[in-house]
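Notes to accompany the following structure.
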Amino acid sequence: MIGETETETTVDRDRWITPRWIIEGPLWAYMKGLDLDPYYDPTGHTKPRVGLTPRPEDCALVPWGTIEVGDGHTHDWTKYDRVWVQPPYSRGNVPKAMRQAKGYAQRRPDGHCIALINCATGSQYWHELVAPHAKAYVFPRRIDFEHSQLSKETSQRNDQAIILFAGDVERFCESFGGLGRVLVPR
């Protein structure tokens, strides 16, 4: 396509906006606001958003707070108590984000970190970064993401997992249990 660069295409493929029903429902029930969404993307560029305590009706497609320059892979998540992670799904981004989530959980056991990623239980990053470090998982029905153009042209082909890396397991089970069976590793 004329004028379309590889970067623009990658950015467009990475714009899978968390649906309102997740933000207004289980995420709000668990977190009651957010302090950091390190991969928030209001414009197609990956920048973290910080200082978030929105009302549920202000969520989803509306910016929640101040946008800082940078990206979720290099931003220091440990300064924040409540972190929501939905990384870009293009090649290499999910393992980097899961490495960050694992590090957050190790350095901030008193914090809360929840991730929404494609369910790739056979992948190397799942076996090295997710399975050994997750406190709980839920495998919801396939999520219909809010996305400007791509969702109109294609459907999301992968199942998703919502993963608790740091936080209260019992509260996670109560908040996210309506999406499917919550698994708590021993």
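Labels for the structure tokens follow display order: chains A, B, ..., residues from 1 in each chain, ligands from 1.
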Using only C-alpha atoms, determine which residues lie at most 12 Å from A:Cys119, disregarding the query and same-chain residues fewer than 5 positions distant; provide the list as a PyMOL selection string. chain A and resi 89+94+125-127+130-131+137-143+156-163
Tell me, as a PyMOL selection string, which residues lie within 9 Å of A:Lys96, counting only C-alpha atoms; anything in the same chain fewer than 5 positions away does not count. chain A and resi 73+87+101+125
What's the 9 Å shell around A:Tyr80, counting only C-alpha atoms, without same-chain residues fewer than 3 positions away, as a list in words?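 Residues near the query, excluding close chain neighbours: Leu34, Asp35, Leu36, Val50, Gly51, Asp76, Trp77, Val83, Arg108, Gly111 and His112 of chain A.
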Could those selected residues go to a file with C-alpha atoms, as an mmCIF file, in the first residue's frame?
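File written: part_23.cif
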data_model
loop_
_atom_site.group_PDB
_atom_site.id
_atom_site.type_symbol
_atom_site.label_atom_id
_atom_site.label_comp_id
_atom_site.auth_asym_id
_atom_site.auth_seq_id
_atom_site.Cartn_x
_atom_site.Cartn_y
_atom_site.Cartn_z
ATOM 1 C CA LEU A 34 -4.467 1.561 37.835
ATOM 2 C CA ASP A 35 -1.127 3.165 38.494
ATOM 3 C CA LEU A 36 0.555 2.000 35.276
ATOM 4 C CA VAL A 50 0.690 6.482 34.657
ATOM 5 C CA GLY A 51 -1.248 7.858 37.604
ATOM 6 C CA ASP A 76 10.419 0.958 35.573
ATOM 7 C CA TRP A 77 7.186 -0.745 36.638
ATOM 8 C CA VAL A 83 0.007 -2.542 36.872
ATOM 9 C CA ARG A 108 7.208 -5.946 44.350
ATOM 10 C CA GLY A 111 2.121 -4.884 44.377
ATOM 11 C CA HIS A 112 -0.450 -6.007 41.832
#
For atom CA of A:Arg99 and atom CA of A:Gly178, quote the distance in Å rounded to one decimal.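 So the answer is 27.6 Å.
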DSSP-assigned helix (DSSP H, G or I) among stretch 98-157 of chain A, expressed as a ChimeraX atom specification: /A:98-107,124-130,150-153
Could the residues in this selection be saved with N, CA, C and O atoms as a CSV table (one decimal), in the first residue's frame?
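In the end it all went to again.csv:
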chain,number,residue,atom,x,y,z
A,98,MET,N,6.7,-10.3,29.5
A,98,MET,CA,6.6,-11.3,30.6
A,98,MET,C,7.8,-11.3,31.5
A,98,MET,O,7.8,-11.5,32.7
A,99,ARG,N,9.0,-11.0,30.9
A,99,ARG,CA,10.2,-10.8,31.7
A,99,ARG,C,10.0,-9.7,32.7
A,99,ARG,O,10.4,-9.8,33.8
A,100,GLN,N,9.4,-8.6,32.2
A,100,GLN,CA,9.2,-7.4,33.0
A,100,GLN,C,8.2,-7.8,34.2
A,100,GLN,O,8.4,-7.4,35.3
A,101,ALA,N,7.1,-8.5,33.8
A,101,ALA,CA,6.1,-8.9,34.8
A,101,ALA,C,6.7,-9.8,35.9
A,101,ALA,O,6.5,-9.6,37.1
A,102,LYS,N,7.5,-10.7,35.4
A,102,LYS,CA,8.2,-11.6,36.4
A,102,LYS,C,9.1,-10.8,37.3
A,102,LYS,O,9.1,-11.0,38.5
A,103,GLY,N,9.9,-9.9,36.8
A,103,GLY,CA,10.7,-9.0,37.6
A,103,GLY,C,10.0,-8.1,38.5
A,103,GLY,O,10.4,-8.0,39.7
A,104,TYR,N,8.8,-7.6,38.1
A,104,TYR,CA,7.9,-6.9,39.0
A,104,TYR,C,7.5,-7.7,40.2
A,104,TYR,O,7.6,-7.3,41.3
A,105,ALA,N,7.1,-8.9,39.9
A,105,ALA,CA,6.6,-9.8,40.9
A,105,ALA,C,7.7,-10.1,41.9
A,105,ALA,O,7.4,-10.2,43.1
A,106,GLN,N,8.9,-10.3,41.5
A,106,GLN,CA,10.0,-10.6,42.4
A,106,GLN,C,10.4,-9.4,43.2
A,106,GLN,O,10.7,-9.6,44.4
A,107,ARG,N,10.4,-8.2,42.6
A,107,ARG,CA,10.8,-7.0,43.4
A,107,ARG,C,9.6,-6.3,44.1
A,107,ARG,O,9.9,-5.5,45.0
A,124,GLN,N,8.3,-21.2,24.5
A,124,GLN,CA,9.4,-21.1,25.4
A,124,GLN,C,9.1,-20.1,26.5
A,124,GLN,O,9.4,-20.3,27.7
A,125,TYR,N,8.6,-18.9,26.1
A,125,TYR,CA,8.4,-17.9,27.2
A,125,TYR,C,7.4,-18.3,28.2
A,125,TYR,O,7.5,-17.9,29.3
A,126,TRP,N,6.4,-19.0,27.7
A,126,TRP,CA,5.3,-19.5,28.7
A,126,TRP,C,6.0,-20.4,29.7
A,126,TRP,O,5.8,-20.3,30.9
A,127,HIS,N,6.8,-21.3,29.3
A,127,HIS,CA,7.5,-22.3,30.2
A,127,HIS,C,8.5,-21.7,31.1
A,127,HIS,O,8.7,-22.1,32.2
A,128,GLU,N,9.2,-20.6,30.6
A,128,GLU,CA,10.3,-20.0,31.4
A,128,GLU,C,9.8,-18.8,32.2
A,128,GLU,O,10.3,-18.6,33.3
A,129,LEU,N,8.8,-18.1,31.7
A,129,LEU,CA,8.5,-16.8,32.3
A,129,LEU,C,7.1,-16.8,33.0
A,129,LEU,O,6.9,-16.1,33.9
A,130,VAL,N,6.2,-17.5,32.4
A,130,VAL,CA,4.8,-17.4,32.8
A,130,VAL,C,4.5,-18.5,33.8
A,130,VAL,O,4.2,-18.3,35.0
A,150,LEU,N,-8.2,-3.3,12.1
A,150,LEU,CA,-7.8,-4.7,12.0
A,150,LEU,C,-9.0,-5.6,12.4
A,150,LEU,O,-9.2,-6.6,11.7
A,151,SER,N,-9.7,-5.2,13.4
A,151,SER,CA,-10.7,-6.1,13.9
A,151,SER,C,-11.9,-6.2,12.9
A,151,SER,O,-12.6,-7.2,12.9
A,152,LYS,N,-12.0,-5.2,12.1
A,152,LYS,CA,-13.1,-5.2,11.1
A,152,LYS,C,-12.7,-6.1,9.9
A,152,LYS,O,-13.5,-6.7,9.2
A,153,GLU,N,-11.4,-6.3,9.7
A,153,GLU,CA,-10.9,-7.1,8.6
A,153,GLU,C,-10.5,-8.5,8.9
A,153,GLU,O,-10.6,-9.4,8.1
Which residue of A:Asp144, A:Asp37, A:Glu24, A:Glu174 approaches A:Arg82 most closely, using only C-alpha atoms: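 Answer, going by the shortest atom-to-atom distance: A:Asp37.
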Rank nothing, just name the residue among A:Phe145, A:Trp84, A:Tyr39, A:Arg91 nearest to A:Pro19, using only C-alpha atoms. A:Phe145
Could you tell me how far atom CA of A:Val184 sits from atom CA of A:Thr74, in Å to one decimal place? 29.2 Å
